[in-house]
$ cat work_5.cif   # mmCIF, C-alpha atoms and all ligand atoms
data_start
loop_
_atom_site.label_atom_id
_atom_site.label_comp_id
_atom_site.auth_asym_id
_atom_site.auth_seq_id
_atom_site.Cartn_x
_atom_site.Cartn_y
_atom_site.Cartn_z
CA MET A 946 29.43 -8.34 -5.56
CA LEU A 947 27.62 -5.01 -5.51
CA GLU A 948 26.87 -3.69 -8.98
CA PHE A 949 25.78 -0.10 -9.40
CA SER A 950 24.28 1.24 -12.60
CA LYS A 951 24.30 4.90 -13.60
CA ALA A 952 21.53 7.13 -15.00
CA GLN A 953 19.07 4.26 -14.61
CA SER A 954 15.50 4.85 -15.79
CA LEU A 955 13.00 4.19 -13.00
CA ARG A 956 10.07 3.73 -15.39
CA ASP A 957 9.74 0.00 -14.60
CA TYR A 958 10.17 0.57 -10.89
CA ASN A 959 7.22 2.87 -10.14
CA THR A 960 3.63 1.86 -10.89
CA PHE A 961 2.79 5.35 -12.22
CA GLY A 962 5.35 4.51 -14.93
CA PHE A 963 7.12 7.88 -14.74
CA ASP A 964 10.32 7.85 -16.76
CA VAL A 965 12.61 9.67 -14.33
CA LYS A 966 16.21 8.66 -13.79
CA ALA A 967 18.34 7.82 -10.75
CA ASP A 968 21.99 8.93 -10.74
CA LEU A 969 22.91 5.57 -9.18
CA PHE A 970 20.90 2.37 -8.87
CA ILE A 971 21.44 -1.03 -7.26
CA LYS A 972 19.43 -4.23 -6.74
CA ILE A 973 19.88 -5.86 -3.33
CA ASN A 974 19.32 -9.63 -3.10
CA THR A 975 20.23 -10.48 0.51
CA SER A 976 20.49 -8.83 3.93
CA ASP A 977 24.26 -9.35 3.78
CA GLU A 978 24.44 -7.42 0.52
CA PHE A 979 22.52 -4.56 2.12
CA GLN A 980 24.89 -4.54 5.09
CA ASP A 981 27.84 -4.43 2.65
CA LEU A 982 26.18 -1.59 0.78
CA LEU A 983 26.16 0.50 3.96
CA LYS A 984 29.99 0.45 3.92
CA THR A 985 30.38 1.75 0.35
CA LYS A 986 31.22 5.29 -0.71
CA GLU A 987 28.22 5.19 -3.05
CA TRP A 988 26.01 4.87 0.04
CA LYS A 989 27.94 7.31 2.21
CA GLU A 990 28.25 10.06 -0.39
CA ASN A 991 24.69 10.05 -1.74
CA LYS A 992 21.14 10.52 -0.55
CA HIS A 993 19.09 7.32 -0.78
CA LEU A 994 15.70 6.08 -1.85
CA ILE A 995 14.66 2.50 -1.07
CA LEU A 996 12.07 1.10 -3.46
CA GLY A 997 9.99 -2.05 -3.21
CA GLY A 998 7.31 -2.38 -5.87
CA GLY A 999 7.18 1.41 -6.35
CA SER A 1000 3.41 1.26 -5.91
CA ASN A 1001 3.13 3.98 -3.34
CA VAL A 1002 5.55 6.65 -4.52
CA LEU A 1003 5.14 9.71 -6.68
CA LEU A 1004 8.46 10.44 -8.40
CA THR A 1005 8.23 14.12 -9.21
CA ASP A 1006 11.71 14.51 -10.71
CA HIS A 1007 15.01 12.76 -11.42
CA PHE A 1008 16.55 11.32 -8.27
CA ASN A 1009 19.97 12.83 -7.64
CA GLY A 1010 21.23 10.02 -5.48
CA LEU A 1011 21.23 6.26 -4.99
CA VAL A 1012 18.08 4.18 -5.52
CA ILE A 1013 18.08 0.75 -3.86
CA LEU A 1014 15.66 -1.88 -5.14
CA ASP A 1015 14.69 -4.50 -2.56
CA CYS A 1016 14.95 -7.90 -4.30
CA ILE A 1017 15.33 -10.08 -1.19
CA SER A 1018 13.41 -13.30 -1.87
CA GLY A 1019 12.56 -16.50 -0.01
CA ILE A 1020 9.70 -17.97 2.02
CA GLU A 1021 10.46 -19.98 5.17
CA ILE A 1022 8.27 -21.74 7.74
CA ILE A 1023 9.36 -20.71 11.23
CA GLU A 1024 6.97 -22.84 13.31
CA GLU A 1025 3.65 -24.60 12.97
CA ASN A 1026 1.05 -26.55 14.88
CA ASP A 1027 -2.40 -28.00 14.02
CA GLN A 1028 -4.04 -24.59 14.01
CA SER A 1029 -1.56 -22.06 12.74
CA ILE A 1030 1.67 -21.42 10.93
CA VAL A 1031 4.34 -18.77 11.30
CA VAL A 1032 5.89 -17.95 7.93
CA LYS A 1033 8.71 -15.55 7.08
CA CYS A 1034 8.92 -13.86 3.69
CA GLY A 1035 11.73 -11.88 2.05
CA GLY A 1036 10.98 -8.16 1.74
CA GLY A 1037 11.47 -8.10 -2.02
CA GLU A 1038 8.88 -10.80 -2.79
CA ASN A 1039 5.86 -9.60 -4.76
CA TRP A 1040 2.93 -9.18 -2.34
CA HIS A 1041 0.24 -10.78 -4.50
CA GLN A 1042 2.45 -13.77 -5.43
CA PHE A 1043 3.05 -14.33 -1.72
CA VAL A 1044 -0.71 -14.16 -1.02
CA LEU A 1045 -1.34 -16.71 -3.81
CA TYR A 1046 1.34 -18.98 -2.33
CA THR A 1047 -0.33 -18.88 1.13
CA LEU A 1048 -3.70 -19.72 -0.48
CA GLN A 1049 -2.18 -22.71 -2.30
CA GLN A 1050 -0.91 -23.99 1.05
CA ASN A 1051 -4.44 -23.49 2.48
CA TRP A 1052 -3.27 -20.93 5.02
CA GLY A 1053 -5.92 -18.32 5.83
CA GLY A 1054 -5.54 -14.65 6.71
CA LEU A 1055 -4.33 -12.81 3.64
CA GLU A 1056 -7.16 -13.62 1.19
CA ASN A 1057 -8.84 -10.19 1.52
CA LEU A 1058 -5.51 -8.56 0.65
CA SER A 1059 -5.28 -10.21 -2.78
CA LEU A 1060 -4.06 -8.25 -5.81
CA ILE A 1061 -2.56 -5.33 -3.89
CA PRO A 1062 0.47 -4.09 -5.88
CA GLY A 1063 3.86 -3.81 -4.21
CA THR A 1064 6.31 -5.91 -2.21
CA VAL A 1065 6.10 -7.76 1.09
CA GLY A 1066 8.71 -5.47 2.66
CA ALA A 1067 6.75 -2.33 1.84
CA ALA A 1068 3.44 -3.73 3.12
CA PRO A 1069 3.96 -2.97 6.84
CA MET A 1070 5.23 0.55 6.07
CA GLN A 1071 1.68 1.74 5.56
CA ASN A 1072 -0.17 -1.22 7.08
CA ILE A 1073 -1.80 -2.10 3.75
CA GLY A 1074 -5.49 -2.89 4.00
CA ALA A 1075 -8.56 -3.82 1.98
CA TYR A 1076 -12.04 -5.25 2.50
CA GLY A 1077 -12.01 -5.18 6.28
CA VAL A 1078 -8.51 -6.63 6.81
CA GLU A 1079 -5.15 -4.97 7.42
CA ILE A 1080 -1.70 -6.49 7.47
CA LYS A 1081 -1.56 -5.87 11.23
CA ASP A 1082 -4.22 -8.60 11.72
CA THR A 1083 -1.84 -11.41 10.70
CA PHE A 1084 1.46 -9.66 11.39
CA HIS A 1085 3.90 -11.53 13.64
CA SER A 1086 7.15 -9.54 13.37
CA LEU A 1087 9.63 -8.07 10.91
CA GLU A 1088 13.36 -7.78 10.55
CA ALA A 1089 14.81 -4.44 9.59
CA ILE A 1090 18.37 -3.27 9.12
CA ASN A 1091 19.24 -0.14 11.03
CA LEU A 1092 20.85 2.22 8.49
CA GLN A 1093 23.12 3.79 11.13
CA THR A 1094 24.41 0.67 12.92
CA ALA A 1095 23.91 -1.95 10.12
CA GLU A 1096 22.42 -4.24 12.82
CA ILE A 1097 19.36 -6.37 12.13
CA GLU A 1098 16.57 -5.48 14.58
CA VAL A 1099 13.30 -7.33 15.19
CA PHE A 1100 10.04 -5.40 15.49
CA ASN A 1101 6.84 -6.94 16.84
CA ALA A 1102 3.36 -5.54 16.12
CA ASN A 1103 3.47 -3.18 19.10
CA ASP A 1104 6.81 -1.75 18.03
CA CYS A 1105 5.39 -0.99 14.56
CA GLN A 1106 2.55 1.20 15.94
CA PHE A 1107 0.18 0.28 13.14
CA GLY A 1108 -2.73 2.61 12.34
CA TYR A 1109 -4.90 3.29 9.30
CA ARG A 1110 -2.29 3.30 6.47
CA GLU A 1111 0.30 4.17 9.12
CA SER A 1112 3.26 2.71 10.97
CA VAL A 1113 6.28 3.91 12.92
CA PHE A 1114 8.33 3.59 9.68
CA LYS A 1115 6.36 6.44 8.06
CA HIS A 1116 6.98 8.82 10.97
CA HIS A 1117 9.28 8.29 13.96
CA TYR A 1118 11.68 5.97 12.08
CA LYS A 1119 11.24 7.47 8.62
CA GLY A 1120 14.37 6.81 6.53
CA GLU A 1121 16.07 4.90 9.36
CA TYR A 1122 15.45 1.24 8.46
CA PHE A 1123 15.43 -1.19 5.55
CA ILE A 1124 12.78 -3.92 6.03
CA SER A 1125 14.46 -7.17 4.98
CA SER A 1126 11.74 -9.70 5.89
CA VAL A 1127 8.23 -9.87 7.29
CA THR A 1128 6.80 -12.76 9.33
CA PHE A 1129 3.09 -13.60 9.45
CA LYS A 1130 0.97 -15.84 11.65
CA LEU A 1131 -1.64 -17.50 9.45
CA SER A 1132 -4.42 -19.96 10.28
CA LYS A 1133 -4.83 -23.47 9.05
CA VAL A 1134 -8.20 -24.05 7.44
CA GLY A 1135 -10.78 -25.06 10.03
CA TYR A 1136 -9.31 -22.56 12.49
CA HIS A 1137 -9.72 -19.56 10.26
CA HIS A 1138 -12.37 -16.87 10.58
CA LEU A 1139 -13.33 -15.33 7.23
CA HIS A 1140 -13.93 -11.56 6.97
CA LEU A 1141 -16.99 -11.19 4.76
CA ASP A 1142 -18.46 -7.97 6.20
CA TYR A 1143 -17.98 -5.95 3.01
CA GLY A 1144 -21.17 -5.80 0.92
CA ALA A 1145 -19.15 -6.02 -2.30
CA ILE A 1146 -17.68 -9.42 -1.27
CA GLN A 1147 -21.10 -10.72 -0.21
CA ASN A 1148 -22.61 -9.65 -3.55
CA VAL A 1149 -19.99 -11.49 -5.62
CA LEU A 1150 -20.37 -14.67 -3.54
CA LYS A 1151 -24.18 -14.44 -3.87
CA ASP A 1152 -23.94 -13.97 -7.65
CA LYS A 1153 -21.79 -17.11 -7.82
CA HIS A 1154 -24.21 -19.02 -5.51
CA ILE A 1155 -21.40 -19.70 -3.03
CA LYS A 1156 -22.86 -20.31 0.45
CA ASN A 1157 -19.81 -21.64 2.31
CA PRO A 1158 -16.86 -19.81 0.79
CA THR A 1159 -13.28 -21.05 0.99
CA ILE A 1160 -10.31 -18.70 1.33
CA GLN A 1161 -9.80 -19.16 -2.42
CA ASP A 1162 -13.42 -18.06 -3.10
CA VAL A 1163 -12.87 -14.91 -1.02
CA SER A 1164 -9.60 -14.16 -2.81
CA ASP A 1165 -11.30 -14.66 -6.21
CA ALA A 1166 -14.12 -12.30 -5.15
CA VAL A 1167 -11.63 -9.63 -4.02
CA ILE A 1168 -9.71 -9.97 -7.29
CA GLN A 1169 -12.95 -9.59 -9.27
CA ILE A 1170 -13.96 -6.46 -7.32
CA ARG A 1171 -10.54 -4.85 -7.59
CA GLN A 1172 -10.31 -5.57 -11.32
CA SER A 1173 -13.76 -4.05 -11.87
CA LYS A 1174 -12.83 -0.63 -10.50
CA LEU A 1175 -9.08 -0.27 -10.06
CA PRO A 1176 -6.93 0.23 -13.16
CA ASP A 1177 -4.18 -2.35 -13.78
CA PRO A 1178 -0.87 -0.45 -13.33
CA ALA A 1179 0.63 -2.53 -16.17
CA LYS A 1180 -1.88 -0.83 -18.52
CA ILE A 1181 -2.60 2.57 -16.92
CA GLY A 1182 -0.03 3.99 -14.50
CA ASN A 1183 -1.41 4.56 -10.99
CA SER A 1184 -0.64 3.99 -7.32
CA GLY A 1185 -4.01 2.76 -6.02
CA SER A 1186 -5.76 5.15 -3.66
CA PHE A 1187 -3.91 8.43 -3.95
CA PHE A 1188 -5.45 9.95 -0.81
CA LYS A 1189 -6.39 8.44 2.52
CA ASN A 1190 -10.05 8.39 3.52
CA PRO A 1191 -10.37 11.45 5.80
CA ILE A 1192 -11.36 11.08 9.45
CA ILE A 1193 -13.48 13.83 11.02
CA ASP A 1194 -15.26 14.35 14.35
CA SER A 1195 -18.97 13.77 14.85
CA ALA A 1196 -19.86 17.49 15.12
CA GLN A 1197 -18.43 18.22 11.67
CA PHE A 1198 -19.96 15.02 10.34
CA ASN A 1199 -23.49 15.86 11.58
CA LYS A 1200 -23.40 19.20 9.75
CA LEU A 1201 -22.16 17.60 6.52
CA LYS A 1202 -24.69 14.78 6.73
CA GLU A 1203 -27.54 17.33 6.85
CA GLU A 1204 -26.33 18.94 3.65
CA PHE A 1205 -25.30 15.68 1.93
CA PRO A 1206 -27.60 12.93 3.23
CA ASP A 1207 -26.35 10.28 0.77
CA MET A 1208 -22.70 10.66 1.83
CA PRO A 1209 -21.10 7.26 2.64
CA PHE A 1210 -19.37 6.99 6.05
CA TYR A 1211 -17.94 4.48 8.54
CA GLU A 1212 -18.14 4.98 12.29
CA LEU A 1213 -14.85 4.53 14.15
CA GLU A 1214 -14.08 4.53 17.86
CA ASN A 1215 -14.05 7.78 19.90
CA GLU A 1216 -16.89 9.35 17.88
CA GLN A 1217 -14.65 9.68 14.87
CA ILE A 1218 -16.12 9.22 11.41
CA LYS A 1219 -14.25 8.07 8.30
CA LEU A 1220 -15.53 9.51 5.01
CA ALA A 1221 -15.03 8.09 1.51
CA ALA A 1222 -12.50 10.33 -0.26
CA GLY A 1223 -13.57 8.83 -3.62
CA TRP A 1224 -17.13 10.03 -3.06
CA LEU A 1225 -16.01 13.54 -2.02
CA ILE A 1226 -13.76 13.82 -5.11
CA GLU A 1227 -16.52 12.57 -7.40
CA LYS A 1228 -19.07 15.03 -5.92
CA ALA A 1229 -16.55 17.84 -6.36
CA GLY A 1230 -16.70 17.04 -10.08
CA TRP A 1231 -13.32 15.41 -10.71
CA LYS A 1232 -14.17 11.85 -11.72
CA GLY A 1233 -12.92 11.15 -15.26
CA HIS A 1234 -11.16 14.55 -15.47
CA SER A 1235 -7.88 14.63 -17.39
CA GLU A 1236 -5.16 17.24 -18.03
CA ASN A 1237 -1.51 17.15 -19.16
CA GLY A 1238 -1.57 13.37 -19.71
CA VAL A 1239 -2.72 12.61 -16.16
CA GLY A 1240 -6.18 12.34 -14.65
CA VAL A 1241 -8.77 11.00 -12.23
CA HIS A 1242 -9.82 7.42 -12.96
CA GLN A 1243 -13.28 7.04 -14.52
CA LYS A 1244 -14.40 4.19 -12.26
CA GLN A 1245 -12.78 5.20 -8.96
CA ALA A 1246 -12.16 8.88 -8.23
CA LEU A 1247 -9.65 8.08 -5.48
CA VAL A 1248 -7.16 6.82 -8.06
CA LEU A 1249 -5.05 9.31 -10.03
CA VAL A 1250 -3.67 7.95 -13.29
CA ASN A 1251 -0.88 8.53 -15.79
CA TYR A 1252 -2.22 8.03 -19.31
CA GLY A 1253 1.32 7.48 -20.62
CA GLU A 1254 2.84 10.86 -21.32
CA GLY A 1255 2.18 12.43 -17.92
CA LYS A 1256 4.73 13.61 -15.41
CA GLY A 1257 4.88 13.38 -11.62
CA LYS A 1258 4.69 17.16 -11.30
CA TYR A 1259 1.39 17.19 -13.22
CA ILE A 1260 -0.04 14.63 -10.77
CA LEU A 1261 1.17 16.90 -7.97
CA ASN A 1262 -0.64 19.92 -9.51
CA LEU A 1263 -3.81 17.93 -10.05
CA ALA A 1264 -3.72 16.54 -6.49
CA LYS A 1265 -3.39 20.08 -5.11
CA LYS A 1266 -6.40 21.29 -7.13
CA ILE A 1267 -8.47 18.32 -5.92
CA GLN A 1268 -7.48 18.99 -2.30
CA ASP A 1269 -8.44 22.69 -2.63
CA SER A 1270 -11.77 21.91 -4.23
CA VAL A 1271 -12.75 19.24 -1.65
CA GLN A 1272 -11.69 21.66 1.09
CA SER A 1273 -13.86 24.47 -0.25
CA LYS A 1274 -16.92 22.30 -1.02
CA PHE A 1275 -16.92 20.13 2.14
CA GLY A 1276 -14.42 21.77 4.53
CA VAL A 1277 -12.54 18.44 4.62
CA GLU A 1278 -8.77 18.05 4.24
CA LEU A 1279 -7.50 15.20 2.05
CA SER A 1280 -4.06 13.80 2.93
CA PRO A 1281 -2.09 11.85 0.36
CA GLU A 1282 -1.54 8.14 0.90
CA VAL A 1283 1.41 8.05 -1.53
CA ASN A 1284 4.87 9.33 -0.65
CA PHE A 1285 6.14 12.29 -2.69
CA ILE A 1286 9.81 12.03 -3.71
N1 LIG A 1301 -17.16 6.11 -4.09
C1 LIG A 1301 -17.77 7.00 -4.92
N2 LIG A 1301 -17.10 7.43 -6.03
C2 LIG A 1301 -15.88 7.00 -6.35
C3 LIG A 1301 -15.23 6.08 -5.48
C4 LIG A 1301 -15.90 5.65 -4.35
O1 LIG A 1301 -18.91 7.42 -4.68
O2 LIG A 1301 -15.35 7.42 -7.39
C5 LIG A 1301 -17.87 5.61 -2.91
C6 LIG A 1301 -18.27 4.15 -3.07
O3 LIG A 1301 -19.49 4.00 -3.72
C7 LIG A 1301 -18.34 3.67 -1.65
C8 LIG A 1301 -17.27 4.51 -0.94
O4 LIG A 1301 -17.02 5.61 -1.79
O5 LIG A 1301 -19.59 4.00 -1.08
C9 LIG A 1301 -15.98 3.74 -0.69
O6 LIG A 1301 -15.46 3.26 -1.93
P1 LIG A 1301 -14.70 1.84 -2.05
O7 LIG A 1301 -15.50 0.78 -1.36
O8 LIG A 1301 -14.32 1.66 -3.46
O9 LIG A 1301 -13.43 1.99 -1.15
P2 LIG A 1301 -12.45 3.22 -0.97
O10 LIG A 1301 -12.76 3.91 0.31
O11 LIG A 1301 -12.43 4.02 -2.19
C10 LIG A 1301 -10.65 1.83 0.40
C11 LIG A 1301 -9.17 1.69 0.38
C12 LIG A 1301 -8.74 0.77 -0.76
C13 LIG A 1301 -9.38 -0.60 -0.53
C14 LIG A 1301 -10.90 -0.42 -0.45
C15 LIG A 1301 -11.59 -1.69 -0.05
C16 LIG A 1301 -8.22 3.73 1.27
C17 LIG A 1301 -7.57 5.03 0.98
N3 LIG A 1301 -8.55 2.99 0.22
O12 LIG A 1301 -11.03 2.45 -0.84
O13 LIG A 1301 -7.32 0.62 -0.72
O14 LIG A 1301 -9.04 -1.50 -1.56
O15 LIG A 1301 -11.25 0.56 0.56
O16 LIG A 1301 -11.35 -1.97 1.29
O17 LIG A 1301 -8.44 3.41 2.45
C18 LIG A 1301 -5.28 1.58 -1.53
O18 LIG A 1301 -5.03 1.90 -0.37
O19 LIG A 1301 -4.48 1.84 -2.47
C19 LIG A 1301 -6.55 0.91 -1.84
C20 LIG A 1301 -6.93 0.64 -3.07
#
$ encode --input "work_5.cif" --output "structure tokens" --more "lines below"
Ligand code: EPU
Amino acid sequence: MLEFSKAQSLRDYNTFGFDVKADLFIKINTSDEFQDLLKTKEWKENKHLILGGGSNVLLTDHFNGLVILDCISGIEIIEENDQSIVVKCGGGENWHQFVLYTLQQNWGGLENLSLIPGTVGAAPMQNIGAYGVEIKDTFHSLEAINLQTAEIEVFNANDCQFGYRESVFKHHYKGEYFISSVTFKLSKVGYHHLHLDYGAIQNVLKDKHIKNPTIQDVSDAVIQIRQSKLPDPAKIGNSGSFFKNPIIDSAQFNKLKEEFPDMPFYELENEQIKLAAGWLIEKAGWKGHSENGVGVHQKQALVLVNYGEGKGKYILNLAKKIQDSVQSKFGVELSPEVNFI
């Protein structure tokens, strides 16, 4: 039975905590329910917004249409052998709870991605990543419902065209699919290679005198690092990194490096260089800045925050000013990681 609610506040459904309303709102618990939804007049006569954890959207105004909340749950083992396991997870499951579940089972692969807000279904959309690991590294496949045909289609990693915070669902297939489940291939302990390249992880393990870390130790370290610099959305509204780290060519980089020798950077393939947007924003003077109830987080300049009374449009104004100032100081363009609605 599909139950729509009217003039629903979305405050609890976006991690910025903006109190905008949706004309119509529905929670979807199964793929079948979503397929039924596609036949309704509420779907056919309105524009739509599909939300998972609402951790990567900026709601700038009331939504004059239908908001669909993905609540599809369930975790299922598809196949396993001595070395690995293939596990399927409902799109509406909370990402971090799923990661904790895999750690409890002693399955390795997702430990570096601990404590990322959002749902499992939204994770492949932007190929979530942290501390040297991206979802694409353990991704097996996903099921998505085609909004035109109502058919369930299977996408493998190649089909998803994963890149840095990118997938085919953000571009070519934008607004065309509903991701109902995601399947991962994880390693059994003993066959798992840990990713400890990040200095921050190494420092925490060293402080705790841990020489041979387990996947749980790595997860605990990641949680400690994230909690030390990223604000908890339950206390201060935010959507994690607001901008992507910009990628520039080596000619532009060499000029910048001369002027700013302490600028952090990561070398990519094809002579491309990734810069730290947080550093650029801090050097442009924005760290800790606040205006109209919104601001730039004091411990991590890449995170824009809602102090409680802010509005999405004030975040939008602030983001524009930050982009202009980083452009004029460094000649570098910042692109948002979050989706503006
Ligand atoms: N930095 C500053 N000032 C700041 C923030 C950062 O100088 O205010 C410097 C740091 O000192 C460091 C560099 O910038 O030298 C990079 O900072 P950090 O290691 O904190 O990582 P990040 O580039 O800010 C990225 C991801 C995060 C992810 C971390 C760890 C993006 C856009 N962000 O942040 O992902 O957790 O690396 O891997 O790629 C997210 O996407 O929402 C997110 C939180």
$ residues_near_ligand --input "work_5.cif" --ligand "ligand LIG 1301 (chain A)" --cutoff "7 Å" --atoms "only C-alpha atoms and all ligand atoms" --output "PyMOL selection string"
chain A and resi 1073-1077+1184-1190+1209+1221-1224+1226-1227+1232+1244-1247+1282
$ residues_around --input "work_5.cif" --residues "Asp964 in chain A" --least-positions-apart "6" --cutoff "10 Å" --atoms "all atoms listed in the file" --output "ChimeraX atom specification"
/A:953-958,1004,1006-1007,1253-1257
$ atom_distance --input "work_5.cif" --atom1 "CA of Gly1037 in chain A" --atom2 "CA of Lys1180 in chain A"
22.4 Å
$ residues_around --input "work_5.cif" --residues "range 1132-1134 of chain A" --least-positions-apart "4" --cutoff "12 Å" --atoms "all atoms listed in the file" --output "PyMOL selection string"
chain A and resi 1025-1032+1047-1056+1082-1084+1138-1139+1158-1161
$ atom_distance --input "work_5.cif" --atom1 "CA of Ala1166 in chain A" --atom2 "CA of Asn1072 in chain A"
21.6 Å
$ closest_residue --input "work_5.cif" --among "A:Glu1121, A:Glu1079, A:Glu1212, A:Glu1038" --to "Leu994 in chain A" --atoms "all atoms listed in the file"
A:Glu1121
$ closest_residue --input "work_5.cif" --among "A:Gly1035, A:Gly1010, A:Gln980, A:Pro1281" --to "Gly997 in chain A" --atoms "only C-alpha atoms"
A:Gly1035
$ residues_around --input "work_5.cif" --residues "Val1271 in chain A" --least-positions-apart "3" --cutoff "12 Å" --atoms "all atoms listed in the file" --output "list in words"
Phe1188, Pro1191, Ala1221, Ala1222, Gly1223, Trp1224, Leu1225, Ile1226, Glu1227, Lys1228, Ala1229, Gly1230, Trp1231, Ala1264, Lys1265, Lys1266, Ile1267, Gln1268, Lys1274, Phe1275, Gly1276, Val1277, Glu1278, Leu1279 and Ser1280 of chain A
$ closest_residue --input "work_5.cif" --among "A:Ser1112, A:Gln1169, A:Ser1059, A:Ser1126" --to "Ile1146 in chain A" --atoms "only C-alpha atoms"
A:Gln1169
$ residues_near_point --input "work_5.cif" --point "(7.7, -6.7, 1.7)" --cutoff "9 Å" --atoms "all atoms listed in the file" --output "list in words"
Gly997, Gly998, Asp1015, Ile1017, Cys1034, Gly1035, Gly1036, Gly1037, Glu1038, Asn1039, Trp1040, Gly1063, Thr1064, Val1065, Gly1066, Ala1067, Ala1068, Pro1069, Met1070, Ile1124, Ser1125, Ser1126 and Val1127 of chain A
$ residues_around --input "work_5.cif" --residues "Ile1090 in chain A" --least-positions-apart "3" --cutoff "6 Å" --atoms "all atoms listed in the file" --output "JSON, numbers by chain"
{"A": [1095, 1096, 1097, 1122, 1123]}
$ atom_distance --input "work_5.cif" --atom1 "CA of Gln1172 in chain A" --atom2 "CA of Ser1235 in chain A"
21.2 Å
$ residues_near_point --input "work_5.cif" --point "(-22.7, 15.8, 7.5)" --cutoff "12 Å" --atoms "all atoms listed in the file" --output "PyMOL selection string"
chain A and resi 1193-1210+1218-1220+1225+1275-1277
$ closest_residue --input "work_5.cif" --among "A:Glu1236, A:Asp1177, A:Glu1024, A:Asp1162" --to "Ile1260 in chain A" --atoms "all atoms listed in the file"
A:Glu1236
$ residues_around --input "work_5.cif" --residues "Lys984 in chain A" --least-positions-apart "6" --cutoff "12 Å" --atoms "all atoms listed in the file" --output "compact mmCIF listing (two decimals) with C-alpha atoms, keeping the file's coordinate frame"
# COMPACT_ATOMS: atom_id res chain seq x y z
CA LEU A 947 27.62 -5.01 -5.51
CA ASP A 977 24.26 -9.35 3.78
CA GLU A 978 24.44 -7.42 0.52
CA GLU A 990 28.25 10.06 -0.39
CA LEU A 1092 20.85 2.22 8.49
CA GLN A 1093 23.12 3.79 11.13
CA THR A 1094 24.41 0.67 12.92
CA ALA A 1095 23.91 -1.95 10.12
$ build_atoms --input "work_5.cif" --residues "range 1080-1094 of chain A" --atoms "N, CA and C atoms" --output "PDB file, keeping the file's coordinate frame"
ATOM      1  N   ILE A1080      -2.840  -5.598   7.252  1.00  0.00           N
ATOM      2  CA  ILE A1080      -1.700  -6.490   7.470  1.00  0.00           C
ATOM      3  C   ILE A1080      -1.472  -6.719   8.970  1.00  0.00           C
ATOM      4  N   LYS A1081      -1.803  -5.736   9.790  1.00  0.00           N
ATOM      5  CA  LYS A1081      -1.560  -5.870  11.230  1.00  0.00           C
ATOM      6  C   LYS A1081      -2.312  -7.070  11.830  1.00  0.00           C
ATOM      7  N   ASP A1082      -3.403  -7.502  11.172  1.00  0.00           N
ATOM      8  CA  ASP A1082      -4.220  -8.600  11.720  1.00  0.00           C
ATOM      9  C   ASP A1082      -3.498  -9.949  11.690  1.00  0.00           C
ATOM     10  N   THR A1083      -2.557 -10.133  10.793  1.00  0.00           N
ATOM     11  CA  THR A1083      -1.840 -11.410  10.700  1.00  0.00           C
ATOM     12  C   THR A1083      -0.328 -11.209  10.907  1.00  0.00           C
ATOM     13  N   PHE A1084       0.045  -9.997  11.242  1.00  0.00           N
ATOM     14  CA  PHE A1084       1.460  -9.660  11.390  1.00  0.00           C
ATOM     15  C   PHE A1084       2.039 -10.336  12.629  1.00  0.00           C
ATOM     16  N   HIS A1085       3.224 -10.920  12.495  1.00  0.00           N
ATOM     17  CA  HIS A1085       3.900 -11.530  13.640  1.00  0.00           C
ATOM     18  C   HIS A1085       5.090 -10.643  14.050  1.00  0.00           C
ATOM     19  N   SER A1086       5.974 -10.358  13.085  1.00  0.00           N
ATOM     20  CA  SER A1086       7.150  -9.540  13.370  1.00  0.00           C
ATOM     21  C   SER A1086       7.833  -9.180  12.054  1.00  0.00           C
ATOM     22  N   LEU A1087       8.817  -8.324  12.109  1.00  0.00           N
ATOM     23  CA  LEU A1087       9.630  -8.070  10.910  1.00  0.00           C
ATOM     24  C   LEU A1087      11.074  -7.859  11.322  1.00  0.00           C
ATOM     25  N   GLU A1088      11.947  -8.074  10.339  1.00  0.00           N
ATOM     26  CA  GLU A1088      13.360  -7.780  10.550  1.00  0.00           C
ATOM     27  C   GLU A1088      13.715  -6.569   9.708  1.00  0.00           C
ATOM     28  N   ALA A1089      14.421  -5.639  10.319  1.00  0.00           N
ATOM     29  CA  ALA A1089      14.810  -4.440   9.590  1.00  0.00           C
ATOM     30  C   ALA A1089      16.251  -4.103   9.913  1.00  0.00           C
ATOM     31  N   ILE A1090      16.961  -3.633   8.905  1.00  0.00           N
ATOM     32  CA  ILE A1090      18.370  -3.270   9.120  1.00  0.00           C
ATOM     33  C   ILE A1090      18.443  -1.790   9.461  1.00  0.00           C
ATOM     34  N   ASN A1091      19.065  -1.512  10.584  1.00  0.00           N
ATOM     35  CA  ASN A1091      19.240  -0.140  11.030  1.00  0.00           C
ATOM     36  C   ASN A1091      20.298   0.527  10.137  1.00  0.00           C
ATOM     37  N   LEU A1092      19.940   1.614   9.476  1.00  0.00           N
ATOM     38  CA  LEU A1092      20.850   2.220   8.490  1.00  0.00           C
ATOM     39  C   LEU A1092      22.070   2.873   9.146  1.00  0.00           C
ATOM     40  N   GLN A1093      21.976   3.185  10.429  1.00  0.00           N
ATOM     41  CA  GLN A1093      23.120   3.790  11.130  1.00  0.00           C
ATOM     42  C   GLN A1093      24.093   2.726  11.617  1.00  0.00           C
ATOM     43  N   THR A1094      23.554   1.664  12.254  1.00  0.00           N
ATOM     44  CA  THR A1094      24.410   0.670  12.920  1.00  0.00           C
ATOM     45  C   THR A1094      24.655  -0.563  12.049  1.00  0.00           C
TER      46      THR A1094
END
